[in-house]
Structure formats: C-alpha cells, structure tokens
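Q: run_35.cif is reproduced below (mmCIF, C-alpha atoms and all ligand atoms).
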data_upload
#
loop_
_atom_site.label_atom_id
_atom_site.label_comp_id
_atom_site.auth_asym_id
_atom_site.auth_seq_id
_atom_site.Cartn_x
_atom_site.Cartn_y
_atom_site.Cartn_z
CA MET A 520 55.84 22.19 21.55
CA LYS A 521 59.51 23.08 21.29
CA SER A 522 60.85 22.53 17.79
CA ILE A 523 64.42 22.93 16.55
CA TYR A 524 65.16 24.20 13.03
CA LEU A 525 67.92 22.18 11.39
CA ASP A 526 66.98 22.74 7.75
CA TYR A 527 69.13 25.76 6.86
CA ALA A 528 70.02 24.17 3.50
CA ALA A 529 66.35 24.39 2.48
CA THR A 530 66.14 28.03 3.45
CA THR A 531 67.36 30.42 6.13
CA PRO A 532 65.39 33.00 8.09
CA CYS A 533 66.19 36.59 7.19
CA ALA A 534 68.87 38.12 9.40
CA PRO A 535 67.26 40.80 11.62
CA GLU A 536 69.42 43.43 9.87
CA VAL A 537 68.07 42.20 6.52
CA ALA A 538 64.46 42.30 7.73
CA ASP A 539 64.98 45.89 8.96
CA ALA A 540 66.52 46.94 5.64
CA ILE A 541 63.59 45.39 3.75
CA ALA A 542 60.99 46.99 6.03
CA ALA A 543 62.57 50.39 5.39
CA CYS A 544 61.74 50.04 1.68
CA LEU A 545 58.05 49.29 1.87
CA THR A 546 56.11 52.38 2.87
CA LEU A 547 55.73 55.93 1.56
CA GLU A 548 58.36 57.17 4.03
CA GLY A 549 60.82 54.53 2.78
CA ASN A 550 62.66 53.63 -0.39
CA PHE A 551 59.62 52.09 -2.10
CA ALA A 552 59.77 53.55 -5.61
CA ASN A 553 60.32 51.92 -8.97
CA PRO A 554 64.08 52.06 -9.66
CA ALA A 555 63.27 52.53 -13.36
CA SER A 556 61.36 55.79 -12.68
CA ARG A 557 63.67 58.39 -14.13
CA SER A 558 61.52 61.47 -13.64
CA HIS A 559 61.65 61.97 -9.86
CA ARG A 560 63.75 61.74 -6.76
CA TYR A 561 61.88 58.68 -5.41
CA GLY A 562 62.96 56.69 -8.44
CA TRP A 563 66.55 57.94 -8.32
CA GLN A 564 66.83 56.95 -4.65
CA ALA A 565 65.45 53.48 -5.34
CA GLU A 566 67.86 53.08 -8.23
CA GLN A 567 70.75 54.09 -6.03
CA ALA A 568 69.72 51.51 -3.39
CA VAL A 569 69.47 48.79 -6.06
CA GLU A 570 72.92 49.67 -7.40
CA THR A 571 74.40 49.63 -3.90
CA ALA A 572 72.95 46.12 -3.49
CA ARG A 573 74.39 45.14 -6.86
CA GLY A 574 77.81 46.25 -5.62
CA GLN A 575 77.41 44.24 -2.40
CA VAL A 576 76.43 41.05 -4.24
CA ALA A 577 79.15 41.55 -6.88
CA SER A 578 81.75 42.08 -4.19
CA LEU A 579 80.70 38.89 -2.35
CA ILE A 580 81.62 36.79 -5.41
CA GLY A 581 84.47 38.93 -6.77
CA ALA A 582 82.52 40.14 -9.83
CA ASP A 583 82.12 43.49 -11.55
CA THR A 584 78.73 45.15 -10.89
CA ARG A 585 78.01 45.05 -14.64
CA GLU A 586 78.23 41.26 -14.50
CA ILE A 587 75.28 40.83 -12.09
CA VAL A 588 71.81 40.16 -13.54
CA TRP A 589 68.98 40.17 -10.99
CA THR A 590 66.62 37.20 -11.11
CA SER A 591 63.93 35.67 -8.87
CA GLY A 592 66.34 33.06 -7.47
CA ALA A 593 68.72 30.30 -8.43
CA THR A 594 66.02 28.40 -10.36
CA GLU A 595 65.58 31.31 -12.72
CA SER A 596 69.33 31.99 -12.84
CA ASN A 597 69.93 28.38 -13.91
CA ASN A 598 67.22 28.63 -16.58
CA LEU A 599 68.59 31.90 -17.92
CA ALA A 600 72.17 30.61 -17.98
CA VAL A 601 71.51 27.30 -19.68
CA LYS A 602 68.57 28.05 -21.97
CA GLY A 603 69.70 31.61 -22.65
CA PHE A 604 73.14 30.46 -23.76
CA VAL A 605 71.91 27.57 -25.92
CA GLU A 606 69.37 29.84 -27.58
CA ALA A 607 72.08 32.39 -28.34
CA LEU A 608 74.19 29.67 -30.02
CA ARG A 609 71.17 28.38 -31.95
CA ARG A 610 70.57 31.84 -33.39
CA GLU A 611 74.11 31.84 -34.82
CA GLN A 612 74.06 28.23 -36.04
CA PRO A 613 70.51 26.80 -36.07
CA GLN A 614 71.56 23.28 -37.12
CA ALA A 615 74.84 22.90 -35.20
CA PRO A 616 75.07 19.80 -32.98
CA LEU A 617 75.24 20.95 -29.36
CA HIS A 618 76.36 18.96 -26.32
CA ILE A 619 76.06 19.81 -22.62
CA ILE A 620 77.82 18.11 -19.71
CA THR A 621 76.14 18.04 -16.31
CA SER A 622 75.77 15.52 -13.50
CA ALA A 623 73.07 13.12 -12.34
CA ILE A 624 72.97 14.78 -8.90
CA GLU A 625 72.26 18.38 -9.92
CA HIS A 626 69.28 20.23 -8.47
CA LYS A 627 66.06 19.82 -10.47
CA ALA A 628 66.45 23.42 -11.60
CA ILE A 629 69.30 22.17 -13.79
CA LEU A 630 68.11 18.62 -14.53
CA ASP A 631 64.68 19.74 -15.74
CA THR A 632 66.21 22.58 -17.76
CA VAL A 633 68.69 20.38 -19.62
CA ALA A 634 65.99 17.72 -20.10
CA TYR A 635 63.86 20.39 -21.78
CA LEU A 636 66.71 21.28 -24.14
CA GLU A 637 67.30 17.60 -24.83
CA ALA A 638 63.62 17.02 -25.67
CA TRP A 639 62.81 20.17 -27.63
CA HIS A 640 66.07 21.67 -28.88
CA LYS A 641 68.04 18.62 -30.02
CA VAL A 642 70.78 19.10 -27.48
CA ASP A 643 72.80 16.04 -26.38
CA VAL A 644 73.37 15.82 -22.66
CA THR A 645 75.91 13.76 -20.71
CA TYR A 646 74.98 13.14 -17.07
CA LEU A 647 78.15 12.39 -15.10
CA ALA A 648 77.67 9.83 -12.34
CA PRO A 649 79.03 10.63 -8.88
CA ASN A 650 81.30 8.18 -7.05
CA ALA A 651 80.12 6.50 -3.84
CA ASP A 652 81.19 9.63 -1.91
CA GLY A 653 78.99 11.87 -4.06
CA LEU A 654 81.93 13.50 -5.84
CA ILE A 655 82.18 14.41 -9.51
CA GLN A 656 85.82 14.27 -10.58
CA PRO A 657 87.37 16.81 -12.97
CA THR A 658 88.75 13.91 -15.07
CA GLN A 659 85.15 12.83 -15.78
CA VAL A 660 84.53 16.21 -17.36
CA ALA A 661 87.73 15.94 -19.42
CA ASP A 662 86.69 12.48 -20.64
CA ALA A 663 83.16 13.57 -21.57
CA LEU A 664 84.18 16.61 -23.66
CA THR A 665 83.50 16.39 -27.39
CA GLU A 666 84.03 18.88 -30.18
CA ASN A 667 80.34 19.79 -29.83
CA THR A 668 80.39 20.48 -26.09
CA CYS A 669 79.24 24.07 -25.63
CA LEU A 670 78.51 24.13 -21.91
CA VAL A 671 79.46 22.37 -18.70
CA THR A 672 76.98 23.04 -15.89
CA LEU A 673 77.79 21.68 -12.43
CA MET A 674 76.91 22.64 -8.89
CA ALA A 675 79.60 23.87 -6.52
CA VAL A 676 77.95 22.25 -3.48
CA ASN A 677 75.34 19.51 -3.63
CA ASN A 678 72.15 20.51 -1.86
CA GLU A 679 71.46 17.08 -0.38
CA LEU A 680 74.94 15.87 0.49
CA GLY A 681 76.80 19.12 1.04
CA THR A 682 79.69 17.68 -1.02
CA MET A 683 81.89 20.10 -2.95
CA THR A 684 83.00 19.96 -6.57
CA ASP A 685 86.50 21.09 -7.53
CA ILE A 686 85.31 23.93 -9.76
CA PRO A 687 88.75 25.57 -10.33
CA ALA A 688 90.15 22.23 -11.58
CA ILE A 689 87.24 21.87 -14.01
CA ALA A 690 87.67 25.47 -15.20
CA ASN A 691 91.33 24.68 -15.77
CA ILE A 692 90.44 21.75 -18.04
CA LEU A 693 88.05 23.97 -20.00
CA LYS A 694 90.78 26.54 -20.71
CA ARG A 695 91.80 24.27 -23.59
CA HIS A 696 88.22 23.91 -24.88
CA LYS A 697 85.60 26.30 -26.24
CA ALA A 698 82.90 25.12 -23.80
CA LEU A 699 81.76 27.59 -21.14
CA LEU A 700 81.36 26.77 -17.46
CA HIS A 701 78.17 27.54 -15.55
CA VAL A 702 78.08 26.85 -11.81
CA ASP A 703 74.99 26.55 -9.64
CA ALA A 704 76.39 28.06 -6.46
CA ALA A 705 73.11 28.30 -4.52
CA GLN A 706 74.50 26.15 -1.70
CA ALA A 707 78.04 27.53 -1.88
CA VAL A 708 77.69 31.30 -1.64
CA GLY A 709 77.65 32.30 2.01
CA LYS A 710 79.32 29.07 3.06
CA LEU A 711 82.54 29.11 1.04
CA GLU A 712 84.72 31.88 -0.30
CA VAL A 713 83.42 32.16 -3.86
CA ASN A 714 85.40 34.21 -6.35
CA VAL A 715 84.30 33.96 -9.97
CA ASN A 716 87.72 34.97 -11.27
CA ASP A 717 89.74 32.66 -9.03
CA TRP A 718 87.34 29.86 -9.87
CA GLY A 719 87.40 30.71 -13.60
CA VAL A 720 83.68 30.39 -14.26
CA ASP A 721 81.65 32.06 -17.02
CA MET A 722 78.26 32.08 -15.28
CA LEU A 723 77.26 31.50 -11.66
CA SER A 724 73.83 31.25 -10.00
CA VAL A 725 73.17 32.76 -6.58
CA SER A 726 70.10 32.68 -4.30
CA ALA A 727 69.56 35.17 -1.44
CA HIS A 728 67.43 32.95 0.78
CA LYS A 729 70.23 30.46 1.30
CA PHE A 730 72.27 33.01 3.25
CA TYR A 731 69.82 34.98 5.42
CA GLY A 732 68.37 37.10 2.62
CA PRO A 733 64.75 37.08 1.44
CA LYS A 734 63.17 34.39 -0.71
CA GLY A 735 62.24 35.16 -4.31
CA ILE A 736 65.41 36.99 -5.29
CA GLY A 737 68.71 35.89 -6.77
CA ALA A 738 71.34 36.74 -9.33
CA LEU A 739 73.18 35.34 -12.30
CA TYR A 740 76.80 36.31 -12.74
CA VAL A 741 77.49 36.66 -16.48
CA ARG A 742 81.12 37.19 -17.51
CA ARG A 743 81.73 40.36 -19.53
CA ASP A 744 85.21 39.77 -20.85
CA PRO A 745 84.73 37.92 -23.08
CA GLN A 746 80.99 38.62 -23.00
CA VAL A 747 78.82 35.50 -22.64
CA PRO A 748 76.00 35.68 -25.21
CA LEU A 749 72.59 35.15 -23.57
CA VAL A 750 69.06 35.39 -24.89
CA SER A 751 66.60 36.76 -22.34
CA GLN A 752 64.01 34.30 -21.06
CA ILE A 753 61.65 36.99 -19.74
CA HIS A 754 60.68 39.72 -22.18
CA GLY A 755 59.28 43.08 -21.22
CA GLY A 756 60.76 46.50 -20.64
CA GLY A 757 64.36 45.53 -21.37
CA HIS A 758 65.54 45.81 -17.76
CA GLU A 759 68.88 44.35 -16.71
CA ARG A 760 70.56 45.33 -19.97
CA GLY A 761 67.95 43.39 -21.91
CA MET A 762 68.72 40.12 -20.14
CA ARG A 763 65.78 40.03 -17.72
CA SER A 764 62.75 42.28 -17.83
CA GLY A 765 60.46 43.21 -14.95
CA THR A 766 60.24 45.98 -12.36
CA LEU A 767 63.06 45.51 -9.89
CA PRO A 768 61.84 44.75 -6.34
CA THR A 769 63.77 47.43 -4.42
CA HIS A 770 63.04 45.92 -0.99
CA GLN A 771 64.13 42.40 -1.99
CA LEU A 772 67.33 43.69 -3.56
CA VAL A 773 68.20 45.88 -0.60
CA GLY A 774 67.70 42.79 1.62
CA PHE A 775 69.83 40.68 -0.73
CA GLY A 776 72.60 43.30 -0.63
CA GLU A 777 72.52 43.53 3.15
CA ALA A 778 72.63 39.72 3.45
CA ALA A 779 75.66 39.69 1.12
CA ARG A 780 77.39 42.40 3.16
CA LEU A 781 76.75 40.56 6.44
CA VAL A 782 77.86 37.18 5.18
CA SER A 783 81.08 38.53 3.72
CA GLU A 784 81.91 40.01 7.14
CA GLN A 785 80.86 36.94 9.12
CA LEU A 786 81.72 34.02 6.86
CA ALA A 787 84.89 32.82 8.60
CA MET A 788 83.42 33.22 12.09
CA ASP A 789 80.11 31.58 11.17
CA GLU A 790 81.91 28.75 9.39
CA ALA A 791 84.10 27.79 12.37
CA ARG A 792 81.19 27.84 14.83
CA ILE A 793 78.84 26.00 12.50
CA ARG A 794 81.42 23.31 11.74
CA GLU A 795 81.87 22.69 15.47
CA LEU A 796 78.11 22.34 15.95
CA ARG A 797 77.75 20.03 12.94
CA ASP A 798 80.62 17.84 14.19
CA ARG A 799 79.05 17.73 17.67
CA LEU A 800 75.78 16.61 16.06
CA TRP A 801 77.50 13.81 14.17
CA ALA A 802 79.47 12.70 17.24
CA GLY A 803 76.19 12.40 19.16
CA ILE A 804 74.18 10.68 16.45
CA SER A 805 76.94 8.23 15.48
CA GLU A 806 76.82 6.74 18.98
CA LEU A 807 73.59 5.06 17.92
CA GLY A 808 75.57 2.70 15.66
CA ASP A 809 74.51 1.49 12.21
CA VAL A 810 74.32 5.04 10.93
CA TRP A 811 76.18 6.25 7.85
CA ILE A 812 77.21 9.63 6.54
CA ASN A 813 76.04 10.13 2.97
CA GLY A 814 78.64 11.92 0.89
CA HIS A 815 82.34 12.45 1.45
CA PRO A 816 83.08 12.96 5.17
CA GLU A 817 85.57 15.80 4.54
CA ALA A 818 84.93 17.29 1.09
CA ARG A 819 81.73 19.00 2.14
CA VAL A 820 80.59 22.32 3.52
CA ALA A 821 80.59 22.97 7.24
CA ASN A 822 76.85 23.15 7.84
CA HIS A 823 75.68 19.94 6.18
CA LEU A 824 75.18 16.47 7.62
CA ASN A 825 73.35 13.79 5.65
CA VAL A 826 72.94 10.47 7.45
CA SER A 827 71.10 7.19 6.90
CA PHE A 828 69.95 4.87 9.64
CA ALA A 829 69.86 1.10 9.16
CA ALA A 830 66.79 -0.86 10.28
CA VAL A 831 64.47 2.15 10.38
CA ASP A 832 61.50 3.02 8.16
CA GLY A 833 62.19 6.44 6.67
CA GLU A 834 58.58 7.63 6.58
CA ILE A 835 57.91 6.68 10.18
CA LEU A 836 61.24 8.22 11.20
CA LEU A 837 60.34 11.59 9.72
CA ALA A 838 56.80 11.51 11.10
CA SER A 839 58.16 10.70 14.58
CA LEU A 840 60.72 13.52 14.51
CA ALA A 841 58.18 16.27 15.01
CA LYS A 842 60.44 18.23 17.35
CA VAL A 843 63.36 18.54 14.92
CA ALA A 844 62.80 20.20 11.53
CA VAL A 845 64.98 18.40 8.95
CA SER A 846 64.76 17.22 5.34
CA SER A 847 64.30 13.57 4.49
CA GLY A 848 65.89 11.24 1.97
CA SER A 849 62.55 10.82 0.25
CA ALA A 850 60.64 13.02 -2.13
CA CYS A 851 56.87 12.96 -2.43
CA THR A 852 55.65 12.64 -5.98
CA SER A 853 51.96 12.64 -6.83
CA ALA A 854 51.78 8.84 -6.76
CA SER A 855 54.28 7.69 -4.17
CA VAL A 856 57.17 8.49 -1.88
CA GLU A 857 60.35 8.04 -3.91
CA PRO A 858 63.83 7.63 -2.46
CA SER A 859 66.11 10.61 -3.15
CA TYR A 860 67.66 10.34 -6.63
CA VAL A 861 70.89 11.73 -5.18
CA LEU A 862 71.16 9.04 -2.50
CA LYS A 863 70.27 6.41 -5.11
CA ALA A 864 72.97 7.78 -7.43
CA ILE A 865 75.65 7.25 -4.79
CA GLY A 866 74.55 3.65 -4.40
CA ARG A 867 72.36 3.71 -1.29
CA SER A 868 69.68 1.01 -1.07
CA ASP A 869 66.04 2.12 -1.10
CA GLN A 870 65.84 1.49 2.66
CA LEU A 871 68.89 3.61 3.46
CA ALA A 872 67.84 6.34 1.03
CA HIS A 873 64.37 6.53 2.59
CA ALA A 874 65.90 6.54 6.07
CA GLY A 875 68.18 9.45 5.16
CA LEU A 876 68.05 12.76 7.00
CA ARG A 877 69.62 16.01 5.86
CA LEU A 878 70.47 18.03 8.94
CA SER A 879 71.76 21.51 8.21
CA VAL A 880 73.02 23.93 10.80
CA GLY A 881 73.02 27.72 10.56
CA ARG A 882 73.97 31.06 12.06
CA TYR A 883 71.28 30.93 14.75
CA THR A 884 71.75 27.30 15.84
CA THR A 885 72.89 26.92 19.44
CA GLU A 886 74.76 24.17 21.29
CA GLU A 887 71.62 23.51 23.37
CA GLU A 888 69.63 22.96 20.19
CA ILE A 889 72.21 20.49 18.89
CA ASP A 890 72.10 18.56 22.17
CA PHE A 891 68.31 18.55 22.08
CA ALA A 892 68.39 17.24 18.49
CA ILE A 893 70.86 14.47 19.40
CA THR A 894 68.67 13.35 22.31
CA GLU A 895 65.51 13.46 20.25
CA ILE A 896 66.93 11.67 17.18
CA SER A 897 68.56 9.00 19.38
CA ARG A 898 65.32 8.45 21.28
CA VAL A 899 63.23 8.11 18.11
CA VAL A 900 65.68 5.87 16.22
CA SER A 901 66.19 3.57 19.23
CA LEU A 902 62.44 3.29 19.71
CA LEU A 903 61.80 2.48 16.05
CA ARG A 904 64.56 -0.12 16.04
CA LYS A 905 62.95 -1.91 18.97
CA GLN A 906 59.56 -2.18 17.26
C1 LIG A 1001 71.70 23.72 -5.53
C2 LIG A 1001 70.43 24.50 -5.68
N1 LIG A 1001 70.12 25.04 -6.87
C3 LIG A 1001 69.01 25.75 -7.04
C4 LIG A 1001 68.12 25.95 -6.02
C5 LIG A 1001 66.88 26.76 -6.27
O1 LIG A 1001 67.04 28.02 -5.72
P1 LIG A 1001 65.82 29.05 -5.58
O2 LIG A 1001 65.02 28.57 -4.42
O3 LIG A 1001 66.50 30.36 -5.31
O4 LIG A 1001 65.09 29.06 -6.85
C6 LIG A 1001 68.39 25.42 -4.76
C7 LIG A 1001 67.46 25.60 -3.63
O5 LIG A 1001 66.84 24.69 -3.15
C8 LIG A 1001 69.58 24.66 -4.58
O6 LIG A 1001 69.88 24.11 -3.41
#
Show the structure stored in the file as structure tokens.
A:
Amino acid sequence: MKSIYLDYAATTPCAPEVADAIAACLTLEGNFANPASRSHRYGWQAEQAVETARGQVASLIGADTREIVWTSGATESNNLAVKGFVEALRREQPQAPLHIITSAIEHKAILDTVAYLEAWHKVDVTYLAPNADGLIQPTQVADALTENTCLVTLMAVNNELGTMTDIPAIANILKRHKALLHVDAAQAVGKLEVNVNDWGVDMLSVSAHKFYGPKGIGALYVRRDPQVPLVSQIHGGGHERGMRSGTLPTHQLVGFGEAARLVSEQLAMDEARIRELRDRLWAGISELGDVWINGHPEARVANHLNVSFAAVDGEILLASLAKVAVSSGSACTSASVEPSYVLKAIGRSDQLAHAGLRLSVGRYTTEEEIDFAITEISRVVSLLRKQ
C-alpha cells in the first residue's frame, strides 16, 4: 500500500549524504575509533572528525565551537540546561528562593524537567498561558519576572502548532534582569535562521534528527562570555569539558555535522519549496469546510500545518488515514486517549483537539504526495461526516 510521510516534525529521515558519512565511520577501514584515545592515529582521526562536526554545528547557530556540548538529543540538552543551571545556583546559595518562567505549551522534555525541580528542589515555576493563536507574548515574560527569577525557558517553535516565539524580544527584556534565557530550538534549527548572538540567548537545545541527521544525538549551546555555570547531569570520564561524560559516538557526530552543513546550504531553498507545498496542502484541505488551523496562520514555520475537523471523531479519523502518516491531536496515556494539552491550552474543545492533525512537510515531499494527501484526507473526512 502506498503511504505518504507527512510527519517531518516528529522526525526526518537521514539525508543520503548523512547516511553515507555515518556509514564511513563504522568499520575498521573507516573513522570508527574512540575520539578520546590519545595514544594512536585512529583516535586522533576520530577526534578530528568530531571537532569538524562541532564546527559545523556551531556555525549553523552562530556559536563558538567551545560553546557546543554534545548530548543525546534535545531532551537531554533541556535537562542539562535547566537542572544543570539550577543545581549550580543551589551550590552557591542552597536556601535561595528560585523562580523559573516557562510556558504551558512546552515540550514534555521541559515541562517534566521543571516539574521535577518544583517537586524536589523547591523551585517556583510560572507557566505562561498561550493566547488563542498559540503565541506567548514577550510582555507576559516581563510581567512574570520577579527578583527571584533565575531562568526563562521557552521554545522557539512549538512542536505541535509550528508557532514561533519572539525570542530576540524576550532576550531584550532580560537584558535588564539577571535571569538567563534557555531556548528549546529543536523545531527551529534547520527551519529558521538561528543565531545565538543575534537572538541573545544563554543556552539553546538542538536535535539532529529534526533536520535530516541521525536520531540519538544533539547539542546544548552554552554561552562562554559570560560563562553559564552548569553542573553535569551525567558523570563519568569528564568528557565535554566536564559537562557531559561518555564516549563520543563518532559516527553520530559526523552525521550531525554533515546534516548541519547541508541544511545551512539549503535552508532558504528548502524553506521556499516547503512553504509552497504546505500552502497547497492547506488550500486543498480547507475546501472541505468546517476545518480550522490551530495556531497563528502566519507566525509559524513553513513546514507545519495543524488542523482540526468539526464533526469527526479523532480516533476514527486517524485509524482511517492509513495512507498518510501524520500526528494526531491526541496522546495515548496508559489509561485513555487524552486530547493534546497544547490544543486544549489554546482553547480547543475536546472534540476539535481529538480531531486535530499535525501535517508536517519536508525536504523529500513532492507535489504529487501533497495532492495524494489532499485527496485521501478529503475522502476520509467526507466519509466520516456522512456516517
Ligand atoms: C520542541 C521539542 N523539544 C524537544 C524534543 C525532544 O528531542 P529529542 O528527540 O532530540 O530528545 C522534541 C522532539 O520531539 C521537540 O519537538
């Protein structure tokens, strides 16, 4: 059965160039060695490859190579940034009241991390509510700041809605406050021009598999000047300047670097083509009527479309859409199928949240695939509405 992949926001396939670069690091003939092996040529070559990759990732986000800490992905980067920073502050002032500002529509990798600090480390957390368009306004951050605020952690692009946050404006507000700014940029890097200095952020999380790199590898940008204090969350051999121990996976990092190089060359071209395809998809689907875009129609990245259909059961909709791979507006918990907390936070009813689809387009999507998806979605929704 023909099936179309429209779930690039969940993950992307590796670019063929990335897969080749990874494959060349696996066997005895390739660059397979431990980059920390200092006593032989194999190790030196692996180290050189890892440092080249570090340069490619740093250059993609406008950072210095010494500001890149390798991690296993954005989940770990978020944990290291938020817990590592709070722990560093606690060591200086064990009893000081600490306050973090985040939003109610962050990825679970942030929400669960701040909830942990709230429960076990006596940290107060403010969860900013999005408006009906899914936007968090810089003024909300300004209003929530207190003298105890040590960290603001917000995502650059929401993973469900594709909506963008005005990070430079928030950084500007924080210039007059001691709080640092951490940004989860997992959905932004590779889709927007991200420059840590232009944006004015102190820490930024990146994930390779969101832009045609391999899964299981990512990075945390950690500002050096002034140096952000961080306590390592993974102890071991003191790799990554003591911030994250563990043997570096040469093949993953080489793939990450190659993905960063490719995306920095192709970003503008990819973006224009992908936006056209996404707009074509919306034009086709909207002809059904009684279908709404979730999230701001303009302030969002080019590849995302999140829509809800009236008068359709979300579970049946997803089950009937076997030929189009998308994400739904529901999340399965152990006990039940819950409507997406993001769609609920922007005020969608349970029915509309359940009947939400996140369609995300990517580098390898074709016009024929978009037309196939429009036909298939229209057929299924019309059929379900007649039942
Ligand atoms: C906004 C956001 N943050 C964090 C993550 C987690 O990234 P990773 O899969 O690299 O751990 C994702 C991926 O789903 C994401 O979309």
Q: Using only C-alpha atoms, determine which residues lie at most 12 Å from Ala830 in chain A, disregarding the query and same-chain residues fewer than 2 positions distant; provide the list as a PyMOL selection string.
A: chain A and resi 807-810+827-828+832-833+835-836+868-875+900-906
Q: Using all atoms listed in the file, pick whichever of A:Arg557, A:Lys694, A:Arg760, A:Lys627 has the shortest atom-to-atom distance to ligand LIG 1001 (chain A).
A: A:Lys627
Q: Dump the neighbourhood of ligand LIG 1001 (chain A) as a ChimeraX atom specification: all residues within 8 Å, distances computed on only C-alpha atoms and all ligand atoms.
A: /A:528-530,591-597,625-629,674-679,703-706,724-729,734-737
Q: Separation of CA of Leu800 in chain A and CA of Gly732 in chain A, in Å?
A: 25.6 Å
Q: Any chance you could work out the axis-aligned box around range 820-838 of chain A, listed atoms only, 6 Å on each side, giving centre and edge lengths in Å to one decimal, as lines of an AutoDock Vina configuration file?
A:
center_x = 68.7
center_y = 11.1
center_z = 7.4
size_x = 35.8
size_y = 36.0
size_z = 19.7
Q: Hey, which of A:Gly755, A:Gly603, A:Gly653, A:Pro616 ends up closest to Thr632 in chain A? Count all atoms listed in the file.
A: A:Gly603
Q: Might you pull out every residue within 9 Å of Thr658 in chain A, with only C-alpha atoms counted and same-chain residues fewer than 5 positions away left off, and present them as a PyMOL selection string?
A: chain A and resi 663+689+692
Q: Using C-alpha atoms, can you write the selected residues to a file as a PDB file, in the frame of the given file?
A:
ATOM      1  CA  ALA A 663      83.160  13.570 -21.570  1.00  0.00           C
ATOM      2  CA  ILE A 689      87.240  21.870 -14.010  1.00  0.00           C
ATOM      3  CA  ILE A 692      90.440  21.750 -18.040  1.00  0.00           C
TER       4      ILE A 692
END
Q: Using all atoms listed in the file, can you tell me which of A:Leu693, A:Ala838, A:Ala661, A:Val576 comes closest to Val588 in chain A?
A: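 Answer, going by the shortest atom-to-atom distance: A:Val576.
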Q: Can you pull out every residue within 6 Å of range 763-768 of chain A, counting all atoms listed in the file, but drop anything in the same chain fewer than 6 positions away, and send it as a PyMOL selection string?
A: chain A and resi 751+753-757
Q: Please list as a ChimeraX atom specification every residue within 12 Å of Gln567 in chain A, counting all atoms listed in the file and excluding residues in the same chain fewer than 5 positions away.
A: /A:550-557,560-562,572-574,769,772-773
Q: With all atoms listed in the file as the atoms that count, which of A:Glu712, A:Ala738, A:Lys602, A:Trp811 lies nearest to Gln771 in chain A?
A: A:Ala738
Q: Just how far from CA of Ala821 in chain A is CA of Ala791 in chain A, in Å to one decimal?
A: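 Pair CA of Ala791 in chain A / CA of Ala821 in chain A returns 7.9 Å.
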Q: One number please: CA of Thr894 in chain A to CA of Tyr731 in chain A, in Å, one decimal.
A: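 For CA of Thr894 in chain A relative to CA of Tyr731 in chain A, the distance reads 27.5 Å.
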Q: For range 728-741 of chain A, supply N, CA, C and O atoms and format the output as a compact mmCIF listing (two decimals), in the coordinates of the input.
A:
# COMPACT_ATOMS: atom_id res chain seq x y z
N HIS A 728 68.03 33.55 -0.42
CA HIS A 728 67.43 32.95 0.78
C HIS A 728 68.25 31.83 1.38
O HIS A 728 67.90 31.29 2.43
N LYS A 729 69.36 31.48 0.73
CA LYS A 729 70.23 30.46 1.30
C LYS A 729 71.23 31.07 2.28
O LYS A 729 71.93 30.35 2.97
N PHE A 730 71.34 32.41 2.29
CA PHE A 730 72.27 33.01 3.25
C PHE A 730 71.65 34.23 3.94
O PHE A 730 72.20 35.31 3.96
N TYR A 731 70.45 34.01 4.51
CA TYR A 731 69.82 34.98 5.42
C TYR A 731 69.27 36.21 4.71
O TYR A 731 69.02 37.24 5.32
N GLY A 732 69.07 36.07 3.39
CA GLY A 732 68.37 37.10 2.62
C GLY A 732 66.93 36.64 2.39
O GLY A 732 66.54 35.55 2.82
N PRO A 733 66.15 37.46 1.69
CA PRO A 733 64.75 37.08 1.44
C PRO A 733 64.60 36.04 0.34
O PRO A 733 65.48 35.89 -0.51
N LYS A 734 63.48 35.33 0.37
CA LYS A 734 63.17 34.39 -0.71
C LYS A 734 62.66 35.16 -1.93
O LYS A 734 62.20 36.30 -1.81
N GLY A 735 62.79 34.55 -3.10
CA GLY A 735 62.24 35.16 -4.31
C GLY A 735 63.18 36.15 -4.97
O GLY A 735 62.75 36.96 -5.80
N ILE A 736 64.46 36.09 -4.63
CA ILE A 736 65.41 36.99 -5.29
C ILE A 736 66.77 36.28 -5.42
O ILE A 736 67.16 35.52 -4.55
N GLY A 737 67.43 36.52 -6.53
CA GLY A 737 68.71 35.89 -6.77
C GLY A 737 69.46 36.66 -7.85
O GLY A 737 69.06 37.77 -8.24
N ALA A 738 70.54 36.06 -8.31
CA ALA A 738 71.34 36.74 -9.33
C ALA A 738 72.03 35.71 -10.21
O ALA A 738 72.25 34.56 -9.79
N LEU A 739 72.30 36.13 -11.44
CA LEU A 739 73.18 35.34 -12.30
C LEU A 739 74.39 36.20 -12.62
O LEU A 739 74.25 37.34 -13.10
N TYR A 740 75.56 35.67 -12.31
CA TYR A 740 76.80 36.31 -12.74
C TYR A 740 77.02 35.92 -14.20
O TYR A 740 76.97 34.72 -14.54
N VAL A 741 77.25 36.91 -15.05
CA VAL A 741 77.49 36.66 -16.48
C VAL A 741 78.79 37.37 -16.87
O VAL A 741 78.86 38.61 -16.82
